[in-house]
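I have placed the structure first, in the form of structure tokens, so that the comments after it can refer back to it.
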Amino acid sequence: MHTAAAETVQPCPECGAEIRTDARFTTWCAACDWNVDPERPEEKHGRLARARRAQARRHGERLLAELSAGGDLRARRDSSAVLAVALALVVHALTLAVTAGGVWLLVRGWGGWGMVPGAFLLALGWSLRPRFARLPENTPVLRRADAPELFALVDEIARVAGTRGVDAIAVDDGINASVRSYGVRGRRLLTLGLPLWEVLTPQQRIALLGHEMGHYVNGDTRHGLVVGAAYRSLTTWHYYFEPVDHDPLDDTGALTLLLNLLYVLPRLLVRGVLAVLDRLTLRASQRAEYLADRVAARAGSTEAALELMDHLLIADSAAVTLGREVNLAALNGPRRGGASADLTDGLWERLAADLASVPEHERDRQRRAGVLRGHSVDDSHPPTHLRHACLLIGEPAPPAVTADTEREHRIAGELAAARTKVARQIIRDGY
């Protein structure tokens, strides 16, 4: 765990300005940004991933510029969204055609060799089919009867967002939170990552829930049922057309080379369709994030929403702390079927104290490094510093929902069993 360390003072080797250093963190200069980002993260492999990130940054900057000039970010279905749905339906029609072709060949060639391509196409069509998400397994899932106070808080925040609450809440070990639909009836699932939830203040938690509820009212075409399923089908196609590794049984490599040559055109076609779908949905997806941030600010206050983003910037520190806890547990004794109480008790309190000990100058460094990196949660999100700037436009929003100490205690009690289970899973399985 990070413990308080004495600060030392030294001159910056670049500009000579006075630097206050802490042995636990990177030494850098706030005056000239010397050493502000000494370990730039590795670029994601693949041109498609790099292109998505660059495109996300460009669109994020354009939307922020529009908003700064008095533009309107309200969710709406434009021509790009309509074209994206149309393209997604074409993708689904191809899946249907593959499946129908498999059935036709299987029936026509019944009892003969014609069944082989028929069975192959059926299996292919099955792997490409649209899927309805299910509730997660091996993860605590709470219903209204299990956590009435937590669900009541989510309902209150959902009303601020202009939508309804959720049907289930999953609790896992992610440093994140998310919402999605599951099942044929499109029920709503909220997933709370305890490593994030436990380090937030009550008001920051309200902002987090506000952001997630905001996703149900922001018109994000990309994560809708039709387009989202098309994305999954296209990524499956792309996986099938990846270059084949050299087969040890193929001495000359001729067969592998031939297959890879045959895969080039379909792989480029799939990449092209993915790129078009990205371009059609990216603006709506970016706008959705900005709108969700505004709901977070309305629910928990602009201040809490900004503080939440700062926590996301230092999320790596939470992962390091949990990894250290796992290593200490391994050194203290062998892992058995369940981790002993002395290894898991206080895990979340130690994590919260660890992140609270991160000094402001390190948080400032992370903010500046995030600007240089274009830090974002994933390839579809606007860079975090642009989201931060968007929240600073206009008057700060006061909280529509405020934290109540008694309610917080009741919610903590409802999450107690999940906290213990997730802590045991982390200590037992690693992080």
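Labeling convention for the structure tokens: chains A, B, ... as they appear, residues from 1 per chain, ligands from 1 in order of appearance.
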Practice problem: Just list the residues in region 211-389 of chain A DSSP gives alpha helix (DSSP H) on the backbone, as a PyMOL selection string. | Solution: chain A and resi 211-214+225-240+254-300+302-313+315-332+341-344+347-356+360-373+384-389
Exercise. List the neighbours of Val264 (chain A) out to 8 Å using only C-alpha atoms; skip same-chain residues closer than 4 positions along the sequence, and give me the result as a ChimeraX atom specification.
Key: /A:241,260,268
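Ranking A:Glu156, A:Leu262, A:Pro202, A:Thr191 by their shortest atom-to-atom distance to Glu408 (chain A), with only C-alpha atoms included, puts A:Pro202 first.
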Using only C-alpha atoms, tabulate the residues of region 137-238 of chain A lying at most 7 Å from any atom of region 307-327 of chain A, each with its closest atom pair and that distance in Å to one decimal, by chain and increasing residue number, as a tab-separated table.
```
residue	atom	partner	partner_atom	distance
A:Ile175	CA	A:Ala315	CA	6.7
A:Pro195	CA	A:Ala318	CA	6.9
A:Gln204	CA	A:Leu308	CA	5.9
```
Quiz item: What does the distance between CA of Pro140 (chain A) and CA of Asp173 (chain A) come to in Å, to one decimal place?
Solution: 10.5 Å
Self-check item: Near-Glu149 (chain A) list (10 Å; only C-alpha atoms; drop same-chain fewer than 4 positions) as a list in words
Solution: Arg144, Ala145, Leu153, Val154, Asp155, Arg407, Glu408, His409, Arg410, Ile411, Ala412, Gly413 and Glu414 of chain A
Output for the residues just chosen: N, CA and C atoms as a PDB file, in the first residue's frame:
```
ATOM      1  N   ARG A 144     -33.930  -6.792  -6.993  1.00  0.00           N
ATOM      2  CA  ARG A 144     -34.508  -5.754  -6.151  1.00  0.00           C
ATOM      3  C   ARG A 144     -34.703  -6.228  -4.711  1.00  0.00           C
ATOM      4  N   ALA A 145     -35.094  -7.485  -4.546  1.00  0.00           N
ATOM      5  CA  ALA A 145     -35.299  -7.988  -3.191  1.00  0.00           C
ATOM      6  C   ALA A 145     -33.988  -8.097  -2.419  1.00  0.00           C
ATOM      7  N   LEU A 153     -31.872   3.960  -5.136  1.00  0.00           N
ATOM      8  CA  LEU A 153     -30.956   5.029  -5.546  1.00  0.00           C
ATOM      9  C   LEU A 153     -30.827   5.061  -7.068  1.00  0.00           C
ATOM     10  N   VAL A 154     -30.679   3.894  -7.694  1.00  0.00           N
ATOM     11  CA  VAL A 154     -30.579   3.838  -9.158  1.00  0.00           C
ATOM     12  C   VAL A 154     -31.852   4.377  -9.802  1.00  0.00           C
ATOM     13  N   ASP A 155     -33.014   4.019  -9.231  1.00  0.00           N
ATOM     14  CA  ASP A 155     -34.285   4.522  -9.770  1.00  0.00           C
ATOM     15  C   ASP A 155     -34.355   6.043  -9.690  1.00  0.00           C
ATOM     16  N   ARG A 407     -28.408   6.070   4.160  1.00  0.00           N
ATOM     17  CA  ARG A 407     -28.614   5.281   2.938  1.00  0.00           C
ATOM     18  C   ARG A 407     -27.319   4.603   2.523  1.00  0.00           C
ATOM     19  N   GLU A 408     -26.195   5.310   2.625  1.00  0.00           N
ATOM     20  CA  GLU A 408     -24.904   4.722   2.271  1.00  0.00           C
ATOM     21  C   GLU A 408     -24.605   3.500   3.132  1.00  0.00           C
ATOM     22  N   HIS A 409     -24.925   3.581   4.412  1.00  0.00           N
ATOM     23  CA  HIS A 409     -24.702   2.435   5.296  1.00  0.00           C
ATOM     24  C   HIS A 409     -25.578   1.249   4.890  1.00  0.00           C
ATOM     25  N   ARG A 410     -26.823   1.536   4.518  1.00  0.00           N
ATOM     26  CA  ARG A 410     -27.720   0.456   4.116  1.00  0.00           C
ATOM     27  C   ARG A 410     -27.259  -0.181   2.804  1.00  0.00           C
ATOM     28  N   ILE A 411     -26.807   0.652   1.864  1.00  0.00           N
ATOM     29  CA  ILE A 411     -26.299   0.115   0.596  1.00  0.00           C
ATOM     30  C   ILE A 411     -25.051  -0.722   0.832  1.00  0.00           C
ATOM     31  N   ALA A 412     -24.168  -0.250   1.717  1.00  0.00           N
ATOM     32  CA  ALA A 412     -22.966  -1.016   2.042  1.00  0.00           C
ATOM     33  C   ALA A 412     -23.333  -2.378   2.616  1.00  0.00           C
ATOM     34  N   GLY A 413     -24.379  -2.415   3.441  1.00  0.00           N
ATOM     35  CA  GLY A 413     -24.827  -3.692   3.983  1.00  0.00           C
ATOM     36  C   GLY A 413     -25.359  -4.619   2.900  1.00  0.00           C
ATOM     37  N   GLU A 414     -26.076  -4.056   1.923  1.00  0.00           N
ATOM     38  CA  GLU A 414     -26.601  -4.875   0.830  1.00  0.00           C
ATOM     39  C   GLU A 414     -25.492  -5.433  -0.053  1.00  0.00           C
TER      40      GLU A 414
END
```
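In the backbone-derived DSSP annotation, strand (DSSP E) within region 94-229 of chain A comprises Val141, Leu142, Ala168, Ile169, Ala170, Val171, Asp172, Ala177, Ser178, Val179, Arg180, Ser181, Tyr182, Arg187, Arg188, Leu189, Leu190, Thr191, Leu192 and Gly193 of chain A.
Considering only C-alpha atoms, the residue among A:Gly186, A:Pro266, A:Gly112, A:Pro382 positioned nearest to Ala284 (chain A) is A:Pro382.
Among A:Gly394, A:Pro136, A:Gly210, A:Gly101, the residue with the shortest atom-to-atom distance to Leu121 (chain A), counting only C-alpha atoms, is A:Gly101.
Excluding Phe120 (chain A) and any residue on its chain fewer than 2 positions from it, the residues at most 10 Å away by only C-alpha atoms are Val98, Thr99, Gly102, Leu105, Leu106, Met115, Val116, Pro117, Gly118, Leu122, Ala123, Leu124, Gly125 and Trp126 of chain A.
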May I have the selected residues written with N, CA, C and O atoms, as an mmCIF file, in the first residue's frame?
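Full text of result29.cif as output:
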```cif
data_model
loop_
_atom_site.group_PDB
_atom_site.id
_atom_site.type_symbol
_atom_site.label_atom_id
_atom_site.label_comp_id
_atom_site.auth_asym_id
_atom_site.auth_seq_id
_atom_site.Cartn_x
_atom_site.Cartn_y
_atom_site.Cartn_z
ATOM 1 N N VAL A 98 -26.424 -17.380 -45.511
ATOM 2 C CA VAL A 98 -25.498 -18.491 -45.244
ATOM 3 C C VAL A 98 -26.242 -19.637 -44.572
ATOM 4 O O VAL A 98 -26.073 -20.808 -44.938
ATOM 5 N N THR A 99 -27.074 -19.303 -43.594
ATOM 6 C CA THR A 99 -27.836 -20.339 -42.886
ATOM 7 C C THR A 99 -28.817 -21.031 -43.818
ATOM 8 O O THR A 99 -28.927 -22.274 -43.821
ATOM 9 N N GLY A 102 -27.063 -23.354 -46.108
ATOM 10 C CA GLY A 102 -26.687 -24.585 -45.418
ATOM 11 C C GLY A 102 -27.840 -25.552 -45.312
ATOM 12 O O GLY A 102 -27.673 -26.764 -45.536
ATOM 13 N N LEU A 105 -28.505 -27.051 -48.878
ATOM 14 C CA LEU A 105 -27.523 -28.066 -49.267
ATOM 15 C C LEU A 105 -27.667 -29.333 -48.435
ATOM 16 O O LEU A 105 -27.491 -30.447 -48.947
ATOM 17 N N LEU A 106 -27.994 -29.165 -47.159
ATOM 18 C CA LEU A 106 -28.139 -30.327 -46.285
ATOM 19 C C LEU A 106 -29.328 -31.179 -46.719
ATOM 20 O O LEU A 106 -29.237 -32.421 -46.788
ATOM 21 N N MET A 115 -24.028 -33.078 -47.980
ATOM 22 C CA MET A 115 -24.289 -32.723 -46.584
ATOM 23 C C MET A 115 -23.100 -32.010 -45.942
ATOM 24 O O MET A 115 -23.272 -31.237 -44.988
ATOM 25 N N VAL A 116 -21.890 -32.263 -46.462
ATOM 26 C CA VAL A 116 -20.692 -31.685 -45.837
ATOM 27 C C VAL A 116 -20.688 -30.161 -45.949
ATOM 28 O O VAL A 116 -20.564 -29.461 -44.929
ATOM 29 N N PRO A 117 -20.804 -29.590 -47.185
ATOM 30 C CA PRO A 117 -20.859 -28.124 -47.249
ATOM 31 C C PRO A 117 -22.092 -27.551 -46.557
ATOM 32 O O PRO A 117 -22.048 -26.454 -45.997
ATOM 33 N N GLY A 118 -23.193 -28.313 -46.573
ATOM 34 C CA GLY A 118 -24.402 -27.850 -45.892
ATOM 35 C C GLY A 118 -24.175 -27.727 -44.393
ATOM 36 O O GLY A 118 -24.550 -26.726 -43.771
ATOM 37 N N LEU A 122 -24.143 -24.296 -42.124
ATOM 38 C CA LEU A 122 -25.000 -24.185 -40.942
ATOM 39 C C LEU A 122 -24.191 -23.808 -39.706
ATOM 40 O O LEU A 122 -24.593 -22.964 -38.900
ATOM 41 N N ALA A 123 -23.042 -24.455 -39.547
ATOM 42 C CA ALA A 123 -22.184 -24.139 -38.405
ATOM 43 C C ALA A 123 -21.681 -22.692 -38.487
ATOM 44 O O ALA A 123 -21.618 -21.980 -37.471
ATOM 45 N N LEU A 124 -21.347 -22.241 -39.706
ATOM 46 C CA LEU A 124 -20.892 -20.877 -39.892
ATOM 47 C C LEU A 124 -22.006 -19.892 -39.557
ATOM 48 O O LEU A 124 -21.792 -18.890 -38.855
ATOM 49 N N GLY A 125 -23.198 -20.167 -40.071
ATOM 50 C CA GLY A 125 -24.335 -19.296 -39.793
ATOM 51 C C GLY A 125 -24.655 -19.232 -38.302
ATOM 52 O O GLY A 125 -25.003 -18.164 -37.776
ATOM 53 N N TRP A 126 -24.503 -20.371 -37.616
ATOM 54 C CA TRP A 126 -24.757 -20.409 -36.179
ATOM 55 C C TRP A 126 -23.759 -19.524 -35.430
ATOM 56 O O TRP A 126 -24.120 -18.821 -34.494
#
```
Exercise. Have a look at CA of Val273 (chain A) and CA of Arg131 (chain A) and let me know their distance in Å, one decimal.
Key: 20.1 Å
Exercise. Could you check which of A:Ala86, A:Val141, A:Cys32, A:Leu306 is closest to Arg387 (chain A), using only C-alpha atoms?
Key: A:Leu306
Quiz prompt | Contacts of Ile157 (chain A) at 12 Å (only C-alpha atoms; same-chain gap of 5+ positions) as a count of residues only | solution = 30
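Closest approach to Gly346 (chain A) among A:Ala423, A:Ala397, A:Ala170, A:Arg143: A:Ala423, based on only C-alpha atoms.
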Practice problem: For Gly174 (chain A), please output as a PyMOL selection string all residues within 9 Å (counting only C-alpha atoms; exclusion window: fewer than 6 positions along the same chain). | Solution: chain A and resi 192-196
Quiz prompt | Counting only C-alpha atoms, the residue of A:Glu395, A:Asp404, A:Asp364, A:Glu198 that sits nearest Phe25 (chain A) | solution = A:Asp364
